[in-house]
>>> print(open('start_15.pdb').read())   # PDB, C-alpha atoms (C1' of nucleotides)
ATOM      1  CA  MET K 244       7.178 -44.746 -27.412
ATOM      2  CA  LEU K 245       3.522 -44.118 -26.777
ATOM      3  CA  ARG K 246       3.540 -46.342 -23.700
ATOM      4  CA  MET K 247       3.091 -44.251 -20.611
ATOM      5  CA  THR K 248       3.265 -44.216 -16.883
ATOM      6  CA  GLU K 249      -0.384 -44.828 -16.295
ATOM      7  CA  HIS K 250      -2.368 -48.029 -16.609
ATOM      8  CA  ALA K 251      -5.365 -46.436 -18.229
ATOM      9  CA  ASN K 252      -6.695 -45.715 -21.649
ATOM     10  CA  GLU K 253      -5.293 -42.916 -23.728
ATOM     11  CA  LYS K 254      -8.011 -40.432 -22.917
ATOM     12  CA  THR K 255      -7.574 -40.342 -19.187
ATOM     13  CA  MET K 256      -3.854 -40.852 -19.183
ATOM     14  CA  LEU K 257      -2.582 -38.036 -17.031
ATOM     15  CA  THR K 258       0.668 -37.181 -15.355
ATOM     16  CA  LYS K 259       0.779 -36.783 -11.602
ATOM     17  CA  ASN K 260       0.628 -32.990 -11.747
ATOM     18  CA  GLU K 261      -2.130 -33.022 -14.306
ATOM     19  CA  ARG K 262      -4.147 -35.253 -11.991
ATOM     20  CA  LEU K 263      -3.574 -32.936  -9.053
ATOM     21  CA  ILE K 264      -4.627 -29.861 -10.986
ATOM     22  CA  LEU K 265      -7.635 -31.517 -12.589
ATOM     23  CA  GLU K 266      -8.760 -32.799  -9.200
ATOM     24  CA  SER K 267      -8.428 -29.356  -7.684
ATOM     25  CA  LEU K 268     -10.231 -27.724 -10.559
ATOM     26  CA  SER K 269     -13.081 -30.200 -10.480
ATOM     27  CA  GLN K 270     -13.722 -29.400  -6.839
ATOM     28  CA  ALA K 271     -13.829 -25.652  -7.413
ATOM     29  CA  GLU K 272     -17.214 -23.987  -7.641
ATOM     30  CA  THR K 273     -16.018 -21.334 -10.081
ATOM     31  CA  PRO K 274     -13.295 -20.911 -12.691
ATOM     32  CA  GLN K 275      -9.856 -20.660 -11.133
ATOM     33  CA  SER K 276      -6.774 -18.703 -12.058
ATOM     34  CA  ALA K 277      -3.477 -20.524 -12.398
ATOM     35  CA  TYR K 278      -2.294 -18.927  -9.174
ATOM     36  CA  ASP K 279      -5.512 -19.876  -7.367
ATOM     37  CA  LEU K 280      -4.734 -23.439  -8.370
ATOM     38  CA  LEU K 281      -1.131 -23.097  -7.300
ATOM     39  CA  ASP K 282      -2.300 -22.066  -3.834
ATOM     40  CA  SER K 283      -4.684 -24.961  -3.599
ATOM     41  CA  VAL K 284      -2.109 -27.610  -4.498
ATOM     42  CA  ARG K 285       0.833 -26.168  -2.599
ATOM     43  CA  ASP K 286       0.287 -28.640   0.209
ATOM     44  CA  GLN K 287       0.561 -31.440  -2.323
ATOM     45  CA  GLY K 288       4.077 -30.539  -3.278
ATOM     46  CA  ILE K 289       3.604 -28.145  -6.168
ATOM     47  CA  ARG K 290       5.554 -24.978  -5.613
ATOM     48  CA  ALA K 291       6.074 -23.114  -8.850
ATOM     49  CA  PRO K 292       3.885 -21.508 -11.522
ATOM     50  CA  ALA K 293       5.620 -23.454 -14.275
ATOM     51  CA  GLN K 294       4.390 -26.709 -12.804
ATOM     52  CA  VAL K 295       0.815 -25.476 -12.834
ATOM     53  CA  TYR K 296       1.017 -24.030 -16.328
ATOM     54  CA  ARG K 297       2.481 -27.248 -17.666
ATOM     55  CA  ALA K 298      -0.346 -29.227 -16.180
ATOM     56  CA  LEU K 299      -2.949 -26.790 -17.487
ATOM     57  CA  SER K 300      -1.408 -26.951 -20.909
ATOM     58  CA  GLY K 301      -1.489 -30.739 -20.897
ATOM     59  CA  LEU K 302      -5.100 -30.818 -19.745
ATOM     60  CA  MET K 303      -6.104 -28.393 -22.476
ATOM     61  CA  SER K 304      -4.470 -30.576 -25.131
ATOM     62  CA  LYS K 305      -6.472 -33.480 -23.785
ATOM     63  CA  HIS K 306      -9.678 -31.405 -23.957
ATOM     64  CA  LEU K 307     -10.355 -31.886 -20.281
ATOM     65  CA  ILE K 308     -10.373 -28.236 -19.337
ATOM     66  CA  HIS K 309     -11.063 -24.881 -20.963
ATOM     67  CA  ARG K 310      -9.472 -21.506 -20.549
ATOM     68  CA  ILE K 311     -11.664 -18.431 -20.228
ATOM     69  CA  ASP K 312      -9.729 -15.781 -22.116
ATOM     70  CA  SER K 313     -11.776 -12.896 -20.805
ATOM     71  CA  SER K 314     -10.791 -13.635 -17.218
ATOM     72  CA  ASN K 315      -7.578 -15.671 -17.441
ATOM     73  CA  THR K 316      -9.176 -18.566 -15.627
ATOM     74  CA  TYR K 317      -9.648 -22.272 -16.186
ATOM     75  CA  LEU K 318     -12.493 -24.701 -15.687
ATOM     76  CA  CYS K 319     -13.271 -28.348 -16.280
ATOM     77  CA  CYS K 320     -14.842 -29.298 -19.550
ATOM     78  CA  GLN K 321     -18.497 -30.155 -18.981
ATOM     79  CA  LYS K 322     -19.048 -32.102 -22.183
ATOM     80  CA  PRO K 323     -18.446 -35.788 -22.835
ATOM     81  CA  SER K 324     -14.779 -36.226 -23.519
ATOM     82  CA  HIS K 325     -15.302 -37.742 -26.946
ATOM     83  CA  GLU K 326     -16.712 -34.483 -28.316
ATOM     84  CA  HIS K 327     -14.113 -32.132 -29.676
ATOM     85  CA  PRO K 328     -16.139 -29.374 -31.254
ATOM     86  CA  ASN K 329     -14.522 -26.726 -33.433
ATOM     87  CA  ALA K 330     -15.923 -24.080 -31.103
ATOM     88  CA  ILE K 331     -15.909 -23.734 -27.339
ATOM     89  CA  CYS K 332     -18.904 -21.731 -26.150
ATOM     90  CA  LEU K 333     -19.107 -20.623 -22.563
ATOM     91  CA  ALA K 334     -21.912 -18.658 -20.961
ATOM     92  CA  ILE K 335     -20.426 -17.014 -17.911
ATOM     93  CA  CYS K 336     -22.592 -15.466 -15.205
ATOM     94  CA  ASP K 337     -21.224 -12.104 -14.089
ATOM     95  CA  GLU K 338     -23.044 -12.476 -10.801
ATOM     96  CA  CYS K 339     -22.261 -15.981  -9.519
ATOM     97  CA  GLN K 340     -19.452 -16.938 -11.942
ATOM     98  CA  GLN K 341     -21.145 -20.196 -12.862
ATOM     99  CA  VAL K 342     -20.376 -21.319 -16.387
ATOM    100  CA  THR K 343     -22.579 -23.219 -18.771
ATOM    101  CA  GLU K 344     -21.038 -24.836 -21.777
ATOM    102  CA  LEU K 345     -23.223 -24.485 -24.854
ATOM    103  CA  ASP K 346     -23.367 -26.715 -27.900
ATOM    104  CA  GLY K 347     -20.016 -26.083 -29.539
ATOM    105  CA  VAL K 348     -20.721 -28.220 -32.559
ATOM    106  CA  ARG K 349     -23.888 -26.440 -33.593
ATOM    107  CA  ILE K 350     -22.546 -22.954 -32.874
ATOM    108  CA  GLY K 351     -19.188 -23.724 -34.404
ATOM    109  CA  ASP K 352     -20.767 -24.940 -37.632
ATOM    110  CA  GLN K 353     -22.891 -21.839 -37.800
ATOM    111  CA  LEU K 354     -19.960 -19.520 -37.250
ATOM    112  CA  GLU K 355     -17.836 -21.392 -39.760
ATOM    113  CA  GLU K 356     -20.600 -20.782 -42.233
ATOM    114  CA  TYR K 357     -20.615 -17.046 -41.579
ATOM    115  CA  ALA K 358     -16.845 -16.788 -41.716
ATOM    116  CA  LYS K 359     -16.639 -18.686 -44.974
ATOM    117  CA  ALA K 360     -18.564 -15.856 -46.595
ATOM    118  CA  SER K 361     -15.463 -13.721 -46.058
ATOM    119  CA  GLY K 362     -13.211 -16.472 -47.368
ATOM    120  CA  PHE K 363     -12.015 -17.262 -43.878
ATOM    121  CA  GLU K 364     -11.210 -20.857 -43.021
ATOM    122  CA  SER K 365     -11.783 -21.277 -39.300
ATOM    123  CA  LYS K 366     -10.025 -23.943 -37.269
ATOM    124  CA  LEU K 367     -10.874 -23.237 -33.664
ATOM    125  CA  THR K 368     -13.233 -20.683 -32.323
ATOM    126  CA  SER K 369     -13.953 -19.416 -28.882
ATOM    127  CA  VAL K 370     -17.221 -17.843 -27.786
ATOM    128  CA  GLU K 371     -17.644 -16.214 -24.415
ATOM    129  CA  LEU K 372     -21.028 -14.881 -23.435
ATOM    130  CA  ARG K 373     -21.224 -12.576 -20.441
ATOM    131  CA  GLY K 374     -24.484 -11.982 -18.650
ATOM    132  CA  LEU K 375     -26.703 -13.503 -15.997
ATOM    133  CA  CYS K 376     -27.517 -17.148 -15.550
ATOM    134  CA  ALA K 377     -31.010 -18.491 -14.981
ATOM    135  CA  LYS K 378     -30.678 -18.288 -11.213
ATOM    136  CA  CYS K 379     -29.253 -14.788 -11.047
ATOM    137  CA  HIS K 380     -31.384 -12.752 -13.406
TER     138      HIS K 380
ATOM    139  CA  MET F 176     -20.806  19.290 -16.696
ATOM    140  CA  LEU F 177     -20.936  17.584 -20.040
ATOM    141  CA  ARG F 178     -18.946  20.367 -21.658
ATOM    142  CA  MET F 179     -15.512  19.143 -22.544
ATOM    143  CA  THR F 180     -12.097  20.207 -23.634
ATOM    144  CA  GLU F 181     -12.589  19.346 -27.265
ATOM    145  CA  HIS F 182     -14.547  21.204 -29.926
ATOM    146  CA  ALA F 183     -16.059  18.194 -31.557
ATOM    147  CA  ASN F 184     -19.141  16.092 -31.385
ATOM    148  CA  GLU F 185     -19.652  13.531 -28.668
ATOM    149  CA  LYS F 186     -18.697  10.515 -30.710
ATOM    150  CA  THR F 187     -15.261  11.626 -31.717
ATOM    151  CA  MET F 188     -14.436  13.527 -28.578
ATOM    152  CA  LEU F 189     -11.132  12.085 -27.510
ATOM    153  CA  THR F 190      -8.485  13.062 -25.040
ATOM    154  CA  LYS F 191      -4.988  13.807 -26.248
ATOM    155  CA  ASN F 192      -3.667  10.408 -25.254
ATOM    156  CA  GLU F 193      -6.653   8.609 -26.717
ATOM    157  CA  ARG F 194      -5.996  10.384 -30.009
ATOM    158  CA  LEU F 195      -2.339   9.407 -29.960
ATOM    159  CA  ILE F 196      -3.100   5.764 -29.276
ATOM    160  CA  LEU F 197      -5.930   5.562 -31.793
ATOM    161  CA  GLU F 198      -3.729   7.160 -34.429
ATOM    162  CA  SER F 199      -0.940   4.709 -33.722
ATOM    163  CA  LEU F 200      -3.298   1.763 -33.759
ATOM    164  CA  SER F 201      -4.937   2.813 -37.006
ATOM    165  CA  GLN F 202      -1.560   2.852 -38.719
ATOM    166  CA  ALA F 203      -0.608  -0.615 -37.528
ATOM    167  CA  GLU F 204      -0.996  -3.505 -39.944
ATOM    168  CA  THR F 205      -1.799  -5.994 -37.233
ATOM    169  CA  PRO F 206      -3.246  -6.009 -33.710
ATOM    170  CA  GLN F 207      -0.892  -4.407 -31.222
ATOM    171  CA  SER F 208      -0.178  -5.142 -27.589
ATOM    172  CA  ALA F 209      -0.346  -2.334 -25.054
ATOM    173  CA  TYR F 210       3.436  -2.374 -24.799
ATOM    174  CA  ASP F 211       3.833  -2.328 -28.585
ATOM    175  CA  LEU F 212       1.741   0.826 -28.537
ATOM    176  CA  LEU F 213       3.733   2.260 -25.673
ATOM    177  CA  ASP F 214       6.901   1.845 -27.717
ATOM    178  CA  SER F 215       5.346   3.509 -30.737
ATOM    179  CA  VAL F 216       4.177   6.613 -28.886
ATOM    180  CA  ARG F 217       7.159   7.047 -26.609
ATOM    181  CA  ASP F 218       8.539   9.766 -28.838
ATOM    182  CA  GLN F 219       5.254  11.605 -28.446
ATOM    183  CA  GLY F 220       5.651  11.979 -24.722
ATOM    184  CA  ILE F 221       3.923   8.885 -23.378
ATOM    185  CA  ARG F 222       6.156   7.046 -20.962
ATOM    186  CA  ALA F 223       4.173   4.720 -18.721
ATOM    187  CA  PRO F 224       1.906   1.715 -19.192
ATOM    188  CA  ALA F 225      -0.856   3.347 -17.163
ATOM    189  CA  GLN F 226      -1.166   6.109 -19.742
ATOM    190  CA  VAL F 227      -1.610   3.593 -22.519
ATOM    191  CA  TYR F 228      -4.059   1.443 -20.613
ATOM    192  CA  ARG F 229      -6.155   4.472 -19.715
ATOM    193  CA  ALA F 230      -6.344   5.486 -23.343
ATOM    194  CA  LEU F 231      -7.180   1.952 -24.446
ATOM    195  CA  SER F 232      -9.880   1.765 -21.840
ATOM    196  CA  GLY F 233     -11.409   5.044 -22.984
ATOM    197  CA  LEU F 234     -11.322   3.978 -26.632
ATOM    198  CA  MET F 235     -13.019   0.706 -25.770
ATOM    199  CA  SER F 236     -15.824   2.532 -23.954
ATOM    200  CA  LYS F 237     -16.289   4.647 -27.051
ATOM    201  CA  HIS F 238     -16.423   1.499 -29.207
ATOM    202  CA  LEU F 239     -13.549   2.659 -31.343
ATOM    203  CA  ILE F 240     -11.271  -0.280 -30.677
ATOM    204  CA  HIS F 241     -11.548  -3.956 -29.744
ATOM    205  CA  ARG F 242      -9.444  -6.125 -27.523
ATOM    206  CA  ILE F 243      -8.482  -9.606 -28.696
ATOM    207  CA  ASP F 244      -8.599 -11.659 -25.513
ATOM    208  CA  SER F 245      -6.821 -14.627 -26.986
ATOM    209  CA  SER F 246      -3.697 -12.601 -27.712
ATOM    210  CA  ASN F 247      -3.866  -9.594 -25.375
ATOM    211  CA  THR F 248      -3.843  -7.216 -28.296
ATOM    212  CA  TYR F 249      -5.935  -4.341 -29.551
ATOM    213  CA  LEU F 250      -7.177  -3.210 -32.942
ATOM    214  CA  CYS F 251      -9.345  -0.504 -34.435
ATOM    215  CA  CYS F 252     -13.016  -1.197 -34.848
ATOM    216  CA  GLN F 253     -13.770  -1.756 -38.524
ATOM    217  CA  LYS F 254     -17.508  -1.163 -38.345
ATOM    218  CA  PRO F 255     -19.368   2.137 -38.564
ATOM    219  CA  SER F 256     -19.247   3.780 -35.179
ATOM    220  CA  HIS F 257     -23.017   3.901 -34.790
ATOM    221  CA  GLU F 258     -23.281   0.134 -34.600
ATOM    222  CA  HIS F 259     -22.903  -1.244 -31.108
ATOM    223  CA  PRO F 260     -23.700  -4.909 -31.523
ATOM    224  CA  ASN F 261     -24.145  -7.184 -28.542
ATOM    225  CA  ALA F 262     -21.403  -9.402 -29.917
ATOM    226  CA  ILE F 263     -17.952  -8.655 -31.238
ATOM    227  CA  CYS F 264     -16.852 -11.261 -33.786
ATOM    228  CA  LEU F 265     -13.307 -11.323 -34.989
ATOM    229  CA  ALA F 266     -11.826 -13.710 -37.519
ATOM    230  CA  ILE F 267      -8.090 -13.722 -36.888
ATOM    231  CA  CYS F 268      -5.647 -15.178 -39.394
ATOM    232  CA  ASP F 269      -2.983 -17.267 -37.661
ATOM    233  CA  GLU F 270      -0.700 -16.754 -40.631
ATOM    234  CA  CYS F 271      -0.750 -13.018 -41.409
ATOM    235  CA  GLN F 272      -2.560 -11.744 -38.299
ATOM    236  CA  GLN F 273      -5.097  -9.820 -40.343
ATOM    237  CA  VAL F 274      -8.452  -9.514 -38.642
ATOM    238  CA  THR F 275     -11.867  -9.378 -40.226
ATOM    239  CA  GLU F 276     -14.769  -8.188 -38.181
ATOM    240  CA  LEU F 277     -17.897 -10.225 -38.830
ATOM    241  CA  ASP F 278     -21.500  -9.172 -38.421
ATOM    242  CA  GLY F 279     -21.847  -8.849 -34.674
ATOM    243  CA  VAL F 280     -25.545  -8.108 -34.751
ATOM    244  CA  ARG F 281     -26.561 -11.203 -36.642
ATOM    245  CA  ILE F 282     -24.212 -13.507 -34.770
ATOM    246  CA  GLY F 283     -25.008 -11.926 -31.430
ATOM    247  CA  ASP F 284     -28.737 -12.401 -31.937
ATOM    248  CA  GLN F 285     -28.175 -15.986 -32.913
ATOM    249  CA  LEU F 286     -26.041 -16.718 -29.866
ATOM    250  CA  GLU F 287     -28.458 -14.932 -27.568
ATOM    251  CA  GLU F 288     -31.100 -17.254 -28.901
ATOM    252  CA  TYR F 289     -29.038 -20.344 -28.119
ATOM    253  CA  ALA F 290     -28.116 -19.108 -24.666
ATOM    254  CA  LYS F 291     -31.686 -18.288 -23.780
ATOM    255  CA  ALA F 292     -32.486 -21.980 -24.080
ATOM    256  CA  SER F 293     -30.367 -22.476 -20.957
ATOM    257  CA  GLY F 294     -32.054 -19.537 -19.229
ATOM    258  CA  PHE F 295     -28.990 -17.402 -19.725
ATOM    259  CA  GLU F 296     -29.449 -13.685 -20.334
ATOM    260  CA  SER F 297     -26.472 -12.516 -22.348
ATOM    261  CA  LYS F 298     -25.286  -8.914 -22.313
ATOM    262  CA  LEU F 299     -22.043  -8.874 -24.226
ATOM    263  CA  THR F 300     -20.462 -11.663 -26.122
ATOM    264  CA  SER F 301     -17.110 -12.079 -27.716
ATOM    265  CA  VAL F 302     -16.327 -14.448 -30.559
ATOM    266  CA  GLU F 303     -12.815 -15.112 -31.760
ATOM    267  CA  LEU F 304     -12.285 -17.345 -34.748
ATOM    268  CA  ARG F 305      -8.786 -18.616 -35.417
ATOM    269  CA  GLY F 306      -7.797 -19.929 -38.793
ATOM    270  CA  LEU F 307      -6.620 -18.761 -42.170
ATOM    271  CA  CYS F 308      -7.868 -15.755 -44.094
ATOM    272  CA  ALA F 309      -8.778 -15.808 -47.778
ATOM    273  CA  LYS F 310      -5.269 -14.815 -48.854
ATOM    274  CA  CYS F 311      -3.405 -17.285 -46.679
ATOM    275  CA  HIS F 312      -5.222 -20.568 -47.083
TER     276      HIS F 312
ATOM    277  C1'  DA D 113     -11.795  36.838  -9.517
ATOM    278  C1'  DC D 114     -12.094  32.895  -6.504
ATOM    279  C1'  DG D 115     -12.446  28.307  -5.263
ATOM    280  C1'  DA D 116     -14.850  23.742  -5.533
ATOM    281  C1'  DG D 117     -15.404  19.793  -8.284
ATOM    282  C1'  DG D 118     -14.446  17.158 -12.201
ATOM    283  C1'  DT D 119     -11.409  15.148 -15.654
ATOM    284  C1'  DG D 120      -7.102  14.189 -17.645
ATOM    285  C1'  DT D 121      -2.163  13.572 -16.979
ATOM    286  C1'  DG D 122       2.314  12.001 -15.319
ATOM    287  C1'  DT D 123       4.746   9.082 -12.304
ATOM    288  C1'  DT D 124       6.172   5.437  -9.177
ATOM    289  C1'  DA D 125       5.389   1.284  -7.519
ATOM    290  C1'  DT D 126       3.363  -3.015  -7.493
ATOM    291  C1'  DG D 127       0.270  -6.824  -8.715
ATOM    292  C1'  DT D 128      -0.912 -10.543 -11.882
ATOM    293  C1'  DT D 129      -0.256 -13.811 -15.546
ATOM    294  C1'  DA D 130       2.929 -16.666 -18.135
ATOM    295  C1'  DT D 131       7.242 -18.624 -20.031
ATOM    296  C1'  DA D 132      12.411 -19.664 -20.659
ATOM    297  C1'  DA D 133      16.031 -22.387 -19.441
ATOM    298  C1'  DC D 134      18.282 -26.019 -17.267
ATOM    299  C1'  DA D 135      19.319 -29.858 -14.150
ATOM    300  C1'  DA D 136      17.619 -33.905 -11.831
ATOM    301  C1'  DA D 137      14.473 -37.721 -11.505
ATOM    302  C1'  DT D 138      11.596 -41.109 -13.560
ATOM    303  C1'  DT D 139       9.847 -44.066 -16.999
ATOM    304  C1'  DT D 140      10.134 -46.513 -21.372
ATOM    305  C1'  DA D 141      12.447 -48.742 -25.156
ATOM    306  C1'  DT D 142      16.166 -51.541 -26.912
TER     307       DT D 142
ATOM    308  C1'  DA J 262      21.728 -52.449 -18.440
ATOM    309  C1'  DT J 263      21.549 -48.472 -20.652
ATOM    310  C1'  DA J 264      19.997 -45.110 -24.033
ATOM    311  C1'  DA J 265      16.133 -42.174 -25.104
ATOM    312  C1'  DA J 266      12.196 -39.742 -23.924
ATOM    313  C1'  DT J 267       9.247 -37.615 -20.653
ATOM    314  C1'  DT J 268       8.110 -35.474 -16.460
ATOM    315  C1'  DT J 269       9.494 -32.861 -12.680
ATOM    316  C1'  DG J 270      11.512 -29.231  -9.775
ATOM    317  C1'  DT J 271      13.598 -24.855  -9.616
ATOM    318  C1'  DT J 272      15.206 -20.185 -10.509
ATOM    319  C1'  DA J 273      14.771 -16.370 -12.955
ATOM    320  C1'  DT J 274      12.500 -13.312 -15.879
ATOM    321  C1'  DA J 275       9.161 -11.715 -19.342
ATOM    322  C1'  DA J 276       4.694  -9.836 -20.480
ATOM    323  C1'  DC J 277       0.430  -7.831 -19.174
ATOM    324  C1'  DA J 278      -2.191  -4.728 -16.130
ATOM    325  C1'  DT J 279      -3.637  -1.723 -12.223
ATOM    326  C1'  DA J 280      -3.316   1.063  -7.688
ATOM    327  C1'  DA J 281      -2.356   5.195  -5.718
ATOM    328  C1'  DC J 282      -1.185   9.792  -5.543
ATOM    329  C1'  DA J 283       0.107  14.543  -6.890
ATOM    330  C1'  DC J 284      -0.587  17.959 -10.068
ATOM    331  C1'  DA J 285      -2.514  20.618 -14.000
ATOM    332  C1'  DC J 286      -6.370  22.303 -16.244
ATOM    333  C1'  DC J 287     -11.039  23.548 -17.215
ATOM    334  C1'  DT J 288     -15.738  25.010 -15.974
ATOM    335  C1'  DC J 289     -19.213  26.362 -13.165
ATOM    336  C1'  DG J 290     -21.430  28.814  -9.344
ATOM    337  C1'  DT J 291     -20.837  32.597  -6.495
TER     338       DT J 291
END
>>> encode(input="start_15.pdb", output="structure tokens")
Amino acid sequence: MLRMTEHANEKTMLTKNERLILESLSQAETPQSAYDLLDSVRDQGIRAPAQVYRALSGLMSKHLIHRIDSSNTYLCCQKPSHEHPNAICLAICDECQQVTELDGVRIGDQLEEYAKASGFESKLTSVELRGLCAKCH
Amino acid sequence: MLRMTEHANEKTMLTKNERLILESLSQAETPQSAYDLLDSVRDQGIRAPAQVYRALSGLMSKHLIHRIDSSNTYLCCQKPSHEHPNAICLAICDECQQVTELDGVRIGDQLEEYAKASGFESKLTSVELRGLCAKCH
DNA sequence: ACGAGGTGTGTTATGTTATAACAAATTTAT
DNA sequence: ATAAATTTGTTATAACATAACACACCTCGT
């Protein structure tokens, strides 16, 4: 029942469409929208938004990509795949669009601490910093 | 040139549509989508999305409301209007949808600190914690 | 009073992001 | 072999957001 199509370990076990999208995303210089990705994989047989969104959804579950909520875009996870922090922290340059992933464990623990003071039990937090990266400022 | 329609101080100087939307939002129990708000002010003469989005945009500039990026919804700012922290921190209950606004100054300073280590100059950061509030967990 | 410039409004149309629903194909389990 | 589960392809539509333009209104300088 858990056996799958791929001859690979669980972590990198991707469907064909997931592989296509991940490949495309990893070659992009900046975060991509779902429709950007659709355009870039059209010549590989993917024709409909649903196909892209399914792949994105699968890749997110596998912690291989992140979604940037403030711009409706997606990018590859930059951290080792075995880390699944309780917070995703992205520093996004408003000038060049480069993204740096900060230490989600440390920041997540800190935020959890703060939230607990209000009796809030946090499960998954997202931090998006907007500003200028080292190169651009 | 700075003189305006309203007889009120700068901070609370709102247009008619901004007042309608803010009023509607302040009576809502939970964060509302733009189209939720449109429905709730239809009987007050507002008919088109653009009118709502313009009002929301104005209210955001005046720091009277926040947008929750992870759910495309809006809510009233809970903090005193004179505080304009560099980070907006919202703890959102996945069960009851209640939102608690955490200390954006303290958290923002902390995050700025972390980001600076990567040479990143942050201007505006958004933090969204998902989990369970005190009542629900 | 007049008209120029600014701001707010109403309206139509359209752009962008995302999901529902279902049938066909493929893979896996028995 | 065949039943069960998963992945895929496809069409249609939902949900979120903005562009563009005309008009009303106010205020400021003349």
>>> residues_around(input="start_15.pdb", residues="Ser256 of chain F", least_positions_apart="2", cutoff="12 Å", atoms="all atoms listed in the file", output="MDAnalysis selection string")
chainID F and resid 185:187 234:240 251:254 258:260
>>> write_last_selection(input="start_15.pdb", atoms="C-alpha atoms", output="compact mmCIF listing (two decimals), in the frame of the given file")
# COMPACT_ATOMS: atom_id res chain seq x y z
CA GLU F 185 -19.65 13.53 -28.67
CA LYS F 186 -18.70 10.52 -30.71
CA THR F 187 -15.26 11.63 -31.72
CA LEU F 234 -11.32 3.98 -26.63
CA MET F 235 -13.02 0.71 -25.77
CA SER F 236 -15.82 2.53 -23.95
CA LYS F 237 -16.29 4.65 -27.05
CA HIS F 238 -16.42 1.50 -29.21
CA LEU F 239 -13.55 2.66 -31.34
CA ILE F 240 -11.27 -0.28 -30.68
CA CYS F 251 -9.35 -0.50 -34.44
CA CYS F 252 -13.02 -1.20 -34.85
CA GLN F 253 -13.77 -1.76 -38.52
CA LYS F 254 -17.51 -1.16 -38.34
CA GLU F 258 -23.28 0.13 -34.60
CA HIS F 259 -22.90 -1.24 -31.11
CA PRO F 260 -23.70 -4.91 -31.52
>>> interface_residues(input="start_15.pdb", of="chain F", to="chain K", cutoff="9 Å", atoms="all atoms listed in the file", output="MDAnalysis selection string")
chainID F and resid 244:246 262 264 266:268 275 277:278 282 285:287 289:291 293:310 312
>>> atom_distance(input="start_15.pdb", atom1="atom CA of Gln341 of chain K", atom2="atom CA of Glu272 of chain K")
7.6 Å
>>> closest_residue(input="start_15.pdb", among="F:Pro255, F:Gln226, F:Leu231, F:Arg194", to="chain D", atoms="only C-alpha atoms (C1' of nucleotides)")
F:Gln226
>>> closest_residue(input="start_15.pdb", among="F:Val216, F:Val274, F:Leu200, F:Ala223", to="DT121 of chain D", atoms="only C-alpha atoms (C1' of nucleotides)")
F:Ala223
>>> resolve_selection(input="start_15.pdb", expression="the PyMOL selection byres ((chain K and resi 296) around 12)", output="list of chain:residue names")
K:Asn260, K:Glu261, K:Ile264, K:Ser276, K:Ala277, K:Tyr278, K:Asp279, K:Leu280, K:Leu281, K:Ile289, K:Arg290, K:Ala291, K:Pro292, K:Ala293, K:Gln294, K:Val295, K:Arg297, K:Ala298, K:Leu299, K:Ser300, K:Gly301, K:Leu302, K:Met303, K:Arg310, K:Thr316, K:Tyr317, D:DT129, D:DA130, D:DT131
>>> closest_atom_pairs(input="start_15.pdb", of="chain D", to="chain K", cutoff="12 Å", atoms="all atoms listed in the file", output="JSON lines")
{"residue": "D:DT128", "atom": "C1'", "partner": "K:Tyr278", "partner_atom": "CA", "distance": 8.9}
{"residue": "D:DT129", "atom": "C1'", "partner": "K:Asn315", "partner_atom": "CA", "distance": 7.8}
{"residue": "D:DA130", "atom": "C1'", "partner": "K:Tyr296", "partner_atom": "CA", "distance": 7.8}
{"residue": "D:DT131", "atom": "C1'", "partner": "K:Ala293", "partner_atom": "CA", "distance": 7.7}
{"residue": "D:DA132", "atom": "C1'", "partner": "K:Ala293", "partner_atom": "CA", "distance": 10.1}
{"residue": "D:DA133", "atom": "C1'", "partner": "K:Ala293", "partner_atom": "CA", "distance": 11.7}
{"residue": "D:DT138", "atom": "C1'", "partner": "K:Thr248", "partner_atom": "CA", "distance": 9.5}
{"residue": "D:DT139", "atom": "C1'", "partner": "K:Thr248", "partner_atom": "CA", "distance": 6.6}
{"residue": "D:DT140", "atom": "C1'", "partner": "K:Met244", "partner_atom": "CA", "distance": 7.0}
{"residue": "D:DA141", "atom": "C1'", "partner": "K:Met244", "partner_atom": "CA", "distance": 7.0}
{"residue": "D:DT142", "atom": "C1'", "partner": "K:Met244", "partner_atom": "CA", "distance": 11.3}
>>> residues_around(input="start_15.pdb", residues="DG120 of chain D", least_positions_apart="6", cutoff="9 Å", atoms="only C-alpha atoms (C1' of nucleotides)", output="PDB file with C-alpha atoms (C1' of nucleotides), in the frame of the given file")
ATOM      1  CA  THR F 190      -8.485  13.062 -25.040  1.00  0.00           C
ATOM      2  CA  LYS F 191      -4.988  13.807 -26.248  1.00  0.00           C
TER       3      LYS F 191
ATOM      4  C1'  DA J 285      -2.514  20.618 -14.000  1.00  0.00           C
ATOM      5  C1'  DC J 286      -6.370  22.303 -16.244  1.00  0.00           C
TER       6       DC J 286
END
>>> resolve_selection(input="start_15.pdb", expression="the PyMOL selection byres ((chain D and resi 117) around 12)", output="ChimeraX atom specification")
/F:176 /D:115-116,118-119 /J:287-290
>>> resolve_selection(input="start_15.pdb", expression="the PyMOL selection byres ((chain J) within 9 of (chain K))", output="PyMOL selection string")
chain J and resi 266+268-271
>>> atom_distance(input="start_15.pdb", atom1="atom C1' of DA278 of chain J", atom2="atom CA of Pro274 of chain K")
19.9 Å
>>> atom_distance(input="start_15.pdb", atom1="atom CA of Ser215 of chain F", atom2="atom CA of Glu198 of chain F")
10.5 Å
>>> closest_residue(input="start_15.pdb", among="K:Leu257, K:Arg285, K:Ala271, K:Glu356", to="Gln340 of chain K", atoms="all atoms listed in the file")
K:Ala271
>>> axis_aligned_box(input="start_15.pdb", around="segment 126-130 of chain D", padding_each_side="5 Å", output="lines of an AutoDock Vina configuration file")
center_x = 1.2
center_y = -9.8
center_z = -12.8
size_x = 14.3
size_y = 23.7
size_z = 20.6
>>> decode(input="start_15.pdb", residues="segment 197-202 of chain F", atoms="C-alpha atoms", output="CSV table (one decimal), in the first residue's frame")
chain,number,residue,atom,x,y,z
F,197,LEU,CA,-14.2,49.4,8.8
F,198,GLU,CA,-17.5,49.4,10.6
F,199,SER,CA,-18.5,46.1,9.0
F,200,LEU,CA,-15.1,44.6,9.8
F,201,SER,CA,-15.2,45.7,13.4
F,202,GLN,CA,-18.5,44.0,13.9
